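*Asks:* Sharing entry29.txt (compact mmCIF, C-alpha atoms) below.
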# COMPACT_ATOMS: atom_id res chain seq x y z
CA MET A 438 110.77 5.71 99.51
CA ILE A 439 107.76 7.50 98.06
CA SER A 440 104.35 5.84 98.23
CA VAL A 441 102.00 6.28 95.29
CA GLY A 442 98.29 5.81 94.85
CA LEU A 443 96.98 5.12 91.34
CA PHE A 444 93.49 6.58 90.97
CA GLY A 445 92.22 5.05 87.75
CA PHE A 446 93.58 1.84 86.23
CA GLY A 447 92.75 2.26 82.58
CA ARG A 448 95.21 2.72 79.73
CA ILE A 449 97.32 5.41 81.43
CA GLY A 450 97.08 3.80 84.86
CA ARG A 451 98.35 0.46 83.54
CA ASN A 452 101.19 2.23 81.70
CA LEU A 453 102.15 3.90 84.97
CA PHE A 454 102.01 0.59 86.82
CA ARG A 455 104.33 -1.13 84.34
CA ILE A 456 106.87 1.67 84.68
CA LEU A 457 106.66 2.00 88.47
CA TYR A 458 106.30 -1.52 89.85
CA PRO A 459 109.93 -2.71 89.32
CA ARG A 460 111.53 0.54 90.50
CA GLU A 461 113.37 0.97 93.76
CA GLY A 462 112.46 4.01 95.83
CA VAL A 463 108.79 3.85 94.81
CA ARG A 464 106.02 1.85 96.46
CA ILE A 465 102.63 1.49 94.81
CA ALA A 466 100.59 1.78 97.99
CA ALA A 467 97.12 1.39 96.47
CA ILE A 468 95.12 1.21 93.23
CA ALA A 469 91.59 2.60 93.04
CA ASP A 470 89.23 1.89 90.13
CA PRO A 471 85.49 1.11 90.22
CA ALA A 472 85.79 -1.82 87.77
CA ASP A 473 85.68 -5.49 88.77
CA PRO A 474 89.01 -6.57 90.36
CA GLU A 475 89.32 -9.70 88.23
CA ALA A 476 88.78 -7.63 85.09
CA LEU A 477 91.47 -5.15 86.16
CA ALA A 478 93.95 -7.96 86.85
CA TYR A 479 93.16 -9.58 83.51
CA LEU A 480 93.76 -6.35 81.58
CA LEU A 481 97.07 -5.90 83.38
CA ARG A 482 98.13 -9.44 82.43
CA PHE A 483 97.05 -9.20 78.80
CA ASP A 484 97.36 -5.91 76.92
CA THR A 485 96.70 -5.60 73.18
CA VAL A 486 99.23 -2.80 72.78
CA LEU A 487 101.79 -3.48 75.54
CA GLY A 488 101.71 -7.26 75.38
CA ARG A 489 101.70 -9.75 78.25
CA PHE A 490 102.77 -8.56 81.68
CA PRO A 491 106.24 -9.98 82.45
CA ASP A 492 105.40 -11.25 85.97
CA LEU A 493 102.65 -13.27 87.63
CA VAL A 494 99.53 -11.21 88.44
CA THR A 495 96.75 -12.43 90.76
CA THR A 496 94.02 -10.85 92.86
CA LYS A 497 92.44 -12.04 96.09
CA GLY A 498 90.63 -10.53 99.03
CA GLY A 499 90.89 -6.92 97.90
CA TYR A 500 94.58 -7.11 96.95
CA LEU A 501 96.56 -7.27 93.74
CA TYR A 502 99.59 -9.56 93.94
CA VAL A 503 102.47 -8.84 91.57
CA ALA A 504 106.04 -10.12 91.82
CA GLY A 505 105.61 -10.94 95.52
CA ARG A 506 104.05 -7.58 96.37
CA GLN A 507 100.62 -7.14 97.94
CA ILE A 508 98.87 -3.98 96.77
CA PRO A 509 95.46 -2.86 98.09
CA LEU A 510 92.97 -2.83 95.19
CA LEU A 511 90.00 -0.58 95.88
CA THR A 512 87.10 -1.33 93.54
CA GLY A 513 83.39 -0.64 93.34
CA ASP A 514 82.19 2.02 95.79
CA ALA A 515 85.46 1.70 97.72
CA ALA A 516 87.34 3.22 94.78
CA ASN A 517 85.92 6.65 95.58
CA ALA A 518 86.29 6.38 99.36
CA LEU A 519 89.79 7.98 99.11
CA ARG A 520 91.51 6.27 102.07
CA TRP A 521 94.92 7.73 101.27
CA LYS A 522 95.96 8.56 104.84
CA GLU A 523 95.05 5.09 106.07
CA LEU A 524 96.97 3.51 103.18
CA GLY A 525 100.04 5.71 103.62
CA VAL A 526 99.78 7.31 100.16
CA HIS A 527 102.04 10.33 99.66
CA THR A 528 101.28 11.18 95.99
CA VAL A 529 98.16 10.35 94.01
CA LEU A 530 98.53 9.89 90.27
CA GLU A 531 95.03 10.74 89.05
CA ALA A 532 94.80 8.64 85.90
CA THR A 533 91.08 8.64 85.12
CA GLY A 534 91.68 10.74 82.00
CA LYS A 535 89.12 13.31 83.17
CA SER A 536 89.85 17.02 83.40
CA ARG A 537 89.63 17.90 87.08
CA THR A 538 89.20 21.25 88.79
CA ARG A 539 91.34 22.29 91.74
CA ALA A 540 88.44 21.59 94.09
CA GLU A 541 88.04 18.07 92.70
CA LEU A 542 91.74 17.30 93.02
CA GLU A 543 91.91 18.72 96.54
CA ARG A 544 89.62 15.87 97.65
CA HIS A 545 92.71 13.68 97.47
CA LEU A 546 94.59 16.08 99.75
CA GLU A 547 91.70 16.17 102.21
CA ALA A 548 91.88 12.36 102.25
CA GLY A 549 95.50 12.47 103.39
CA ALA A 550 97.66 12.64 100.25
CA ARG A 551 100.41 15.25 100.19
CA ARG A 552 100.24 15.86 96.43
CA VAL A 553 98.07 14.93 93.45
CA VAL A 554 99.28 14.82 89.85
CA SER A 555 96.51 14.77 87.27
CA LEU A 556 97.20 12.85 84.06
CA ALA A 557 94.85 15.09 82.07
CA PRO A 558 94.43 18.73 81.09
CA PRO A 559 93.30 20.81 84.10
CA GLY A 560 89.72 21.94 84.57
CA ASP A 561 90.92 25.26 85.98
CA ALA A 562 94.10 26.86 87.35
CA LEU A 563 96.30 24.50 89.41
CA ASP A 564 99.63 25.00 91.13
CA LEU A 565 101.52 23.86 88.03
CA LEU A 566 100.89 22.83 84.44
CA ALA A 567 103.93 20.60 83.88
CA VAL A 568 105.53 20.40 80.43
CA PRO A 569 109.03 18.87 80.33
CA GLY A 570 111.76 21.12 78.98
CA LEU A 571 109.67 24.23 79.68
CA THR A 572 108.47 24.23 83.29
CA GLU A 573 111.25 22.54 85.31
CA GLY A 574 112.26 25.91 86.72
CA ARG A 575 108.73 26.43 88.06
CA ILE A 576 108.61 23.21 90.08
CA ASP A 577 108.33 23.90 93.81
CA GLY A 578 108.01 21.38 96.62
CA ARG A 579 105.10 23.37 98.04
CA GLN A 580 102.91 22.66 95.00
CA ARG A 581 100.04 20.32 95.81
CA THR A 582 97.80 20.20 92.71
CA VAL A 583 99.62 19.56 89.44
CA SER A 584 98.56 18.70 85.90
CA ASN A 585 100.81 16.71 83.56
CA ALA A 586 99.18 18.65 80.68
CA SER A 587 98.60 16.33 77.71
CA SER A 588 100.67 14.12 75.45
CA THR A 589 100.00 16.47 72.54
CA VAL A 590 101.28 19.50 74.47
CA HIS A 591 104.35 17.49 75.50
CA ALA A 592 105.04 16.76 71.83
CA VAL A 593 104.26 20.10 70.18
CA ALA A 594 105.51 22.56 72.84
CA PRO A 595 109.21 21.62 72.44
CA MET A 596 108.87 21.91 68.65
CA LEU A 597 107.33 25.37 68.94
CA GLN A 598 109.91 26.51 71.48
CA ILE A 599 112.84 25.37 69.35
CA LEU A 600 111.46 26.73 66.06
CA HIS A 601 110.48 30.03 67.66
CA GLY A 602 113.98 30.43 69.10
CA ALA A 603 115.60 29.78 65.73
CA PHE A 604 113.25 31.38 63.21
CA GLY A 605 110.51 33.17 65.15
CA VAL A 606 106.94 31.92 64.93
CA GLU A 607 104.34 34.46 63.84
CA ARG A 608 101.50 31.93 63.97
CA ALA A 609 101.05 28.17 63.90
CA ILE A 610 98.36 25.56 63.41
CA PHE A 611 98.63 21.86 64.20
CA THR A 612 96.68 18.66 63.73
CA ALA A 613 97.15 15.92 66.31
CA VAL A 614 96.34 12.43 64.97
CA HIS A 615 95.67 9.73 67.57
CA SER A 616 94.65 6.10 67.77
CA TYR A 617 91.12 5.58 69.03
CA THR A 618 90.58 5.01 72.77
CA SER A 619 88.11 3.56 75.27
CA GLN A 620 86.08 6.77 74.91
CA HIS A 621 85.19 5.72 71.37
CA HIS A 622 82.90 2.98 70.08
CA LEU A 623 83.16 0.08 67.64
CA ALA A 624 79.67 0.65 66.25
CA ASP A 625 77.62 3.79 65.67
CA VAL A 626 75.81 4.74 68.90
CA PRO A 627 73.94 7.81 70.16
CA ALA A 628 76.34 10.14 71.95
CA GLU A 629 76.41 13.72 73.21
CA ASP A 630 79.44 14.29 70.98
CA LYS A 631 77.92 12.95 67.77
CA ARG A 632 81.27 12.40 66.02
CA ARG A 633 82.65 10.45 68.99
CA GLY A 634 79.62 8.19 68.79
CA ARG A 635 80.63 6.95 65.34
CA ALA A 636 82.40 3.62 64.76
CA ALA A 637 86.04 4.34 65.59
CA ALA A 638 87.52 1.38 63.70
CA GLU A 639 85.84 2.51 60.49
CA ASN A 640 86.23 6.30 60.52
CA ILE A 641 88.56 9.25 60.86
CA ILE A 642 86.95 11.21 63.68
CA PRO A 643 87.73 14.95 64.12
CA GLN A 644 87.81 16.25 67.68
CA ALA A 645 88.25 19.60 69.38
CA SER A 646 91.64 20.06 71.05
CA ARG A 647 92.31 21.55 74.49
CA SER A 648 96.00 21.90 73.69
CA PRO A 649 96.08 25.51 72.37
CA THR A 650 94.97 26.88 75.76
CA MET A 651 97.69 24.94 77.57
CA LEU A 652 100.31 25.95 75.00
CA ALA A 653 99.45 29.61 75.61
CA GLU A 654 100.09 29.08 79.33
CA VAL A 655 103.50 27.44 78.98
CA LEU A 656 104.57 29.52 75.95
CA PRO A 657 103.09 32.95 76.75
CA GLU A 658 105.22 34.58 74.05
CA LEU A 659 103.10 32.65 71.52
CA GLY A 660 99.77 33.42 73.19
CA GLY A 661 97.05 33.95 70.59
CA ARG A 662 99.29 32.71 67.77
CA VAL A 663 98.71 28.94 67.99
CA THR A 664 95.59 26.90 67.30
CA GLY A 665 94.88 23.31 66.43
CA TYR A 666 92.55 20.35 66.49
CA ALA A 667 92.73 16.57 66.80
CA MET A 668 91.43 13.48 65.06
CA ASN A 669 91.27 9.81 65.93
CA VAL A 670 92.04 7.16 63.32
CA PRO A 671 91.76 3.34 63.15
CA VAL A 672 95.18 2.35 64.52
CA PRO A 673 95.84 0.63 67.89
CA SER A 674 98.69 2.91 69.01
CA GLY A 675 100.86 5.78 67.90
CA SER A 676 100.18 9.50 67.48
CA VAL A 677 101.60 12.27 65.34
CA VAL A 678 101.44 16.06 65.36
CA ASP A 679 101.44 17.81 61.99
CA LEU A 680 102.67 21.33 62.74
CA VAL A 681 102.60 24.24 60.27
CA CYS A 682 104.40 27.46 61.25
CA TRP A 683 104.61 30.88 59.62
CA HIS A 684 108.04 32.31 60.45
CA GLU A 685 109.60 35.73 60.94
CA LYS A 686 112.89 34.61 59.37
CA LYS A 687 113.59 32.67 56.20
CA VAL A 688 113.55 28.89 56.48
CA THR A 689 114.60 25.89 54.44
CA ALA A 690 113.91 22.21 55.12
CA ASP A 691 117.61 21.63 55.75
CA ALA A 692 117.81 24.51 58.21
CA VAL A 693 114.75 23.32 60.13
CA ASN A 694 116.16 19.79 60.34
CA GLU A 695 119.55 20.99 61.52
CA VAL A 696 118.00 23.14 64.25
CA LEU A 697 115.94 20.19 65.51
CA ARG A 698 118.90 17.79 65.22
CA THR A 699 121.07 20.09 67.31
CA ALA A 700 118.38 20.73 69.91
CA ALA A 701 117.59 17.03 70.36
CA ALA A 702 121.23 16.43 71.33
CA THR A 703 121.26 19.04 74.13
CA ASP A 704 120.80 18.26 77.82
CA ARG A 705 117.54 20.20 77.83
CA TRP A 706 115.79 18.08 75.21
CA ARG A 707 117.76 14.80 75.08
CA ARG A 708 115.28 12.64 77.03
CA ILE A 709 112.26 14.46 75.59
CA LEU A 710 112.83 14.82 71.85
CA GLN A 711 114.39 12.26 69.51
CA PHE A 712 115.65 13.11 66.02
CA GLU A 713 114.76 10.44 63.45
CA ASP A 714 116.18 10.12 59.94
CA GLU A 715 114.56 6.79 59.02
CA PRO A 716 111.15 6.43 57.28
CA ILE A 717 109.02 5.50 60.33
CA VAL A 718 105.26 4.95 60.68
CA SER A 719 102.91 4.94 63.66
CA SER A 720 103.65 1.37 64.84
CA ASP A 721 107.37 2.24 65.08
CA VAL A 722 106.75 4.61 68.00
CA ALA A 723 104.78 2.17 70.16
CA GLN A 724 106.27 2.11 73.69
CA ALA A 725 108.65 4.96 72.88
CA ALA A 726 109.55 6.84 76.06
CA PHE A 727 110.14 10.16 74.30
CA SER A 728 107.57 12.95 74.31
CA GLY A 729 108.18 13.38 70.59
CA ILE A 730 110.13 11.80 67.74
CA PHE A 731 110.90 14.38 65.06
CA ASP A 732 110.48 12.96 61.55
CA SER A 733 113.20 14.73 59.56
CA LEU A 734 112.19 13.06 56.28
CA ALA A 735 108.76 14.73 56.42
CA THR A 736 109.96 18.34 56.76
CA MET A 737 108.61 20.70 54.10
CA THR A 738 108.72 24.44 53.47
CA LEU A 739 106.54 26.73 51.37
CA ARG A 740 108.52 29.50 49.70
CA ASP A 741 110.80 30.64 52.54
CA ARG A 742 108.48 31.57 55.42
CA VAL A 743 106.36 28.48 56.14
CA SER A 744 107.49 25.16 57.60
CA LYS A 745 105.60 21.90 57.96
CA THR A 746 106.93 19.25 60.35
CA LEU A 747 105.86 15.92 61.83
CA CYS A 748 106.49 14.74 65.38
CA TRP A 749 105.51 11.18 66.41
CA TYR A 750 104.77 9.91 69.93
CA ASP A 751 103.15 7.18 71.99
CA SER A 752 100.41 9.13 73.76
CA GLY A 753 100.24 6.63 76.62
CA TYR A 754 103.72 5.29 77.28
CA GLY A 755 105.77 8.44 76.70
CA TYR A 756 103.25 10.55 78.59
CA ALA A 757 103.36 8.18 81.57
CA HIS A 758 107.17 8.44 81.64
CA ARG A 759 106.92 12.21 82.00
CA ALA A 760 104.59 11.75 84.99
CA VAL A 761 107.07 9.40 86.63
CA GLU A 762 109.90 11.88 86.06
CA LEU A 763 107.74 14.58 87.64
CA LEU A 764 107.20 12.29 90.61
CA ASP A 765 110.97 11.81 90.89
CA ARG A 766 111.58 15.56 90.72
CA TYR A 767 109.24 16.32 93.60
CA ALA A 768 110.71 13.45 95.63
CA ALA A 769 114.19 14.88 95.11
CA LEU A 770 113.06 18.32 96.26
CA GLU A 771 111.54 16.90 99.42
CA THR A 772 114.60 14.81 100.30
CA GLY A 773 117.10 17.50 99.38
CA ALA A 774 118.68 15.37 96.64
CA PRO A 775 120.39 17.24 93.77
Written as structure tokens, how would this file's structure read?
*Replies:*
Amino acid sequence: MISVGLFGFGRIGRNLFRILYPREGVRIAAIADPADPEALAYLLRFDTVLGRFPDLVTTKGGYLYVAGRQIPLLTGDAANALRWKELGVHTVLEATGKSRTRAELERHLEAGARRVVSLAPPGDALDLLAVPGLTEGRIDGRQRTVSNASSTVHAVAPMLQILHGAFGVERAIFTAVHSYTSQHHLADVPAEDKRRGRAAAENIIPQASRSPTMLAEVLPELGGRVTGYAMNVPVPSGSVVDLVCWHEKKVTADAVNEVLRTAAATDRWRRILQFEDEPIVSSDVAQAAFSGIFDSLATMTLRDRVSKTLCWYDSGYGYAHRAVELLDRYAALETGAP
């Protein structure tokens, strides 16, 4: 039994809770978020994207009650008190969405946790930047500060790895298109990032992307060859990466599709990448557990050296599944399970 502390109970934190709470072998030992406890319970019960929670949810006296379980709910100033040792928390899932430095994450270790997994790009070098399909061989039970990278990296890195192995990638550029989030606004407001201050339900909002730096770390052979940016659009859920690659070898749309079809069926990529041959749109990938869903109908080539591909994903639900799998992997290492 591994005990988990959820630090942050926003969109990603609630996705994690829905995945973890019915599982055997995992105990949610505590939830920490500065928001009002009744508001947190309400947003767990009723979710615009995920729908109603399937079990009764109540809160009373500093606890969240779900399906007969009593879970300490640390709110207000208590959310940052970090009482992990007292609460018996083994692993903290840091789900605030903020990039944290090693020093910031080590506060959880000083408070008694054995490991902390950040659900955000790292603020500096950590023990591991985890990207499924690429970094499993680097996982070590001695690692204490880990980043789950980003949903965009989880989607685009497998595509780059597979295409580079088949055709060589001389350079690549991608655009990640996301739904808007709680960091955006419904009306124009003053903001440090002026574009992010614009009304998210009325605009396409370009954003800088931190993904190229992380891709260079997990795919060093492509270091300096990949760049990209992001944009948020007025949809409630669903993301897509539009990836353009310049190749060393000749390509055709059929060849690209066949390479991705074959790869998606292998043990390495089966749970991570899905091959799709139906005409899907963003709402069709809501609550998909894959890191990426390759859209074979959208594949294009220019002459015989450039490919353009689309890969869809749910940036919350699929990303949270990868964090849970990482949690399982470390638990297996510590118990000696295969």
*Asks:* Rank nothing, just name the residue among A:His615, A:Arg581, A:Arg575, A:Pro569 nearest to Arg552 of chain A, using all atoms listed in the file.
*Replies:* A:Arg581
*Asks:* Leaving out segment 462-465 of chain A and any residue of its chain fewer than 5 positions from it, which residues lie within 6 Å of it when counting only C-alpha atoms, given as an MDAnalysis selection string?
*Replies:* chainID A and resid 438:441
*Asks:* Between atom CA of Glu639 of chain A and atom CA of Tyr750 of chain A, what is the spacing in Å?
*Replies:* 22.4 Å
*Asks:* Between A:Ala613, A:Val693, A:Ile717, A:Leu600, single out the one closest to Met668 of chain A, counting all atoms listed in the file.
*Replies:*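 Comparing A:Ala613, A:Val693, A:Ile717, A:Leu600 against Met668 of chain A, the winner is A:Ala613.
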*Asks:* Report the distance between atom CA of Ala467 of chain A and atom CA of Ile449 of chain A in Å, rounded to one decimal place.
*Replies:*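 Atom CA of Ala467 of chain A sits 15.6 Å away from atom CA of Ile449 of chain A.
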*Asks:* Between A:Ser674, A:Ser752, A:Thr528, A:Gln620, single out the one closest to Thr485 of chain A, counting all atoms listed in the file.
*Replies:* A:Ser674
*Asks:* Rank A:Glu607, A:Ala760, A:Arg705, A:Gly755 by their smallest atom-to-atom distance to Gly574 of chain A, using all atoms listed in the file, and report the top residue only.
*Replies:* A:Arg705
*Asks:* I'd like the neighbourhood of Ser536 of chain A as a PyMOL selection string, where a residue qualifies if any of its atoms comes within 10 Å (using all atoms listed in the file), though same-chain residues fewer than 6 positions away should be ignored.
*Replies:* chain A and resi 542+555-561+584+586
*Asks:* Complete the atoms of segment 558-584 of chain A to N, CA and C atoms and put them out as an mmCIF file, in the coordinates of the input.
*Replies:*
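Saved result, selection.cif, follows:
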data_model
loop_
_atom_site.group_PDB
_atom_site.id
_atom_site.type_symbol
_atom_site.label_atom_id
_atom_site.label_comp_id
_atom_site.auth_asym_id
_atom_site.auth_seq_id
_atom_site.Cartn_x
_atom_site.Cartn_y
_atom_site.Cartn_z
ATOM 1 N N PRO A 558 94.472 17.272 81.055
ATOM 2 C CA PRO A 558 94.430 18.730 81.090
ATOM 3 C C PRO A 558 93.628 19.214 82.287
ATOM 4 N N PRO A 559 94.003 20.332 82.900
ATOM 5 C CA PRO A 559 93.300 20.810 84.100
ATOM 6 C C PRO A 559 91.941 21.416 83.766
ATOM 7 N N GLY A 560 91.024 21.321 84.737
ATOM 8 C CA GLY A 560 89.720 21.940 84.570
ATOM 9 C C GLY A 560 89.725 23.413 84.893
ATOM 10 N N ASP A 561 90.693 23.840 85.696
ATOM 11 C CA ASP A 561 90.920 25.260 85.980
ATOM 12 C C ASP A 561 92.349 25.415 86.471
ATOM 13 N N ALA A 562 92.702 26.581 86.995
ATOM 14 C CA ALA A 562 94.100 26.860 87.350
ATOM 15 C C ALA A 562 94.551 25.987 88.534
ATOM 16 N N LEU A 563 95.686 25.304 88.355
ATOM 17 C CA LEU A 563 96.300 24.500 89.410
ATOM 18 C C LEU A 563 97.634 25.130 89.805
ATOM 19 N N ASP A 564 98.342 24.461 90.699
ATOM 20 C CA ASP A 564 99.630 25.000 91.130
ATOM 21 C C ASP A 564 100.671 24.954 90.020
ATOM 22 N N LEU A 565 100.565 23.961 89.126
ATOM 23 C CA LEU A 565 101.520 23.860 88.030
ATOM 24 C C LEU A 565 100.913 23.085 86.873
ATOM 25 N N LEU A 566 101.146 23.574 85.672
ATOM 26 C CA LEU A 566 100.890 22.830 84.440
ATOM 27 C C LEU A 566 102.266 22.379 83.953
ATOM 28 N N ALA A 567 102.579 21.104 84.096
ATOM 29 C CA ALA A 567 103.930 20.600 83.880
ATOM 30 C C ALA A 567 104.158 20.157 82.448
ATOM 31 N N VAL A 568 105.135 20.777 81.788
ATOM 32 C CA VAL A 568 105.530 20.400 80.430
ATOM 33 C C VAL A 568 107.050 20.276 80.426
ATOM 34 N N PRO A 569 107.590 19.077 80.242
ATOM 35 C CA PRO A 569 109.030 18.870 80.330
ATOM 36 C C PRO A 569 109.804 19.709 79.325
ATOM 37 N N GLY A 570 110.932 20.256 79.809
ATOM 38 C CA GLY A 570 111.760 21.120 78.980
ATOM 39 C C GLY A 570 111.366 22.574 79.065
ATOM 40 N N LEU A 571 110.170 22.856 79.619
ATOM 41 C CA LEU A 571 109.670 24.230 79.680
ATOM 42 C C LEU A 571 109.351 24.693 81.096
ATOM 43 N N THR A 572 108.958 23.802 81.969
ATOM 44 C CA THR A 572 108.470 24.230 83.290
ATOM 45 C C THR A 572 109.300 23.705 84.455
ATOM 46 N N GLU A 573 110.451 23.059 84.197
ATOM 47 C CA GLU A 573 111.250 22.540 85.310
ATOM 48 C C GLU A 573 111.607 23.629 86.321
ATOM 49 N N GLY A 574 111.882 24.824 85.823
ATOM 50 C CA GLY A 574 112.260 25.910 86.720
ATOM 51 C C GLY A 574 111.120 26.409 87.585
ATOM 52 N N ARG A 575 109.894 26.001 87.276
ATOM 53 C CA ARG A 575 108.730 26.430 88.060
ATOM 54 C C ARG A 575 108.339 25.411 89.121
ATOM 55 N N ILE A 576 108.982 24.250 89.131
ATOM 56 C CA ILE A 576 108.610 23.210 90.080
ATOM 57 C C ILE A 576 109.041 23.606 91.479
ATOM 58 N N ASP A 577 108.112 23.496 92.424
ATOM 59 C CA ASP A 577 108.330 23.900 93.810
ATOM 60 C C ASP A 577 107.734 22.822 94.707
ATOM 61 N N GLY A 578 108.469 22.427 95.724
ATOM 62 C CA GLY A 578 108.010 21.380 96.620
ATOM 63 C C GLY A 578 106.726 21.714 97.349
ATOM 64 N N ARG A 579 106.340 22.973 97.366
ATOM 65 C CA ARG A 579 105.100 23.370 98.040
ATOM 66 C C ARG A 579 103.869 23.168 97.169
ATOM 67 N N GLN A 580 104.056 22.862 95.904
ATOM 68 C CA GLN A 580 102.910 22.660 95.000
ATOM 69 C C GLN A 580 102.178 21.377 95.355
ATOM 70 N N ARG A 581 100.859 21.459 95.388
ATOM 71 C CA ARG A 581 100.040 20.320 95.810
ATOM 72 C C ARG A 581 99.134 19.775 94.701
ATOM 73 N N THR A 582 98.659 20.647 93.811
ATOM 74 C CA THR A 582 97.800 20.200 92.710
ATOM 75 C C THR A 582 98.503 20.500 91.392
ATOM 76 N N VAL A 583 98.790 19.445 90.637
ATOM 77 C CA VAL A 583 99.620 19.560 89.440
ATOM 78 C C VAL A 583 98.939 18.819 88.293
ATOM 79 N N SER A 584 99.024 19.393 87.106
ATOM 80 C CA SER A 584 98.560 18.700 85.900
ATOM 81 C C SER A 584 99.765 18.349 85.034
#
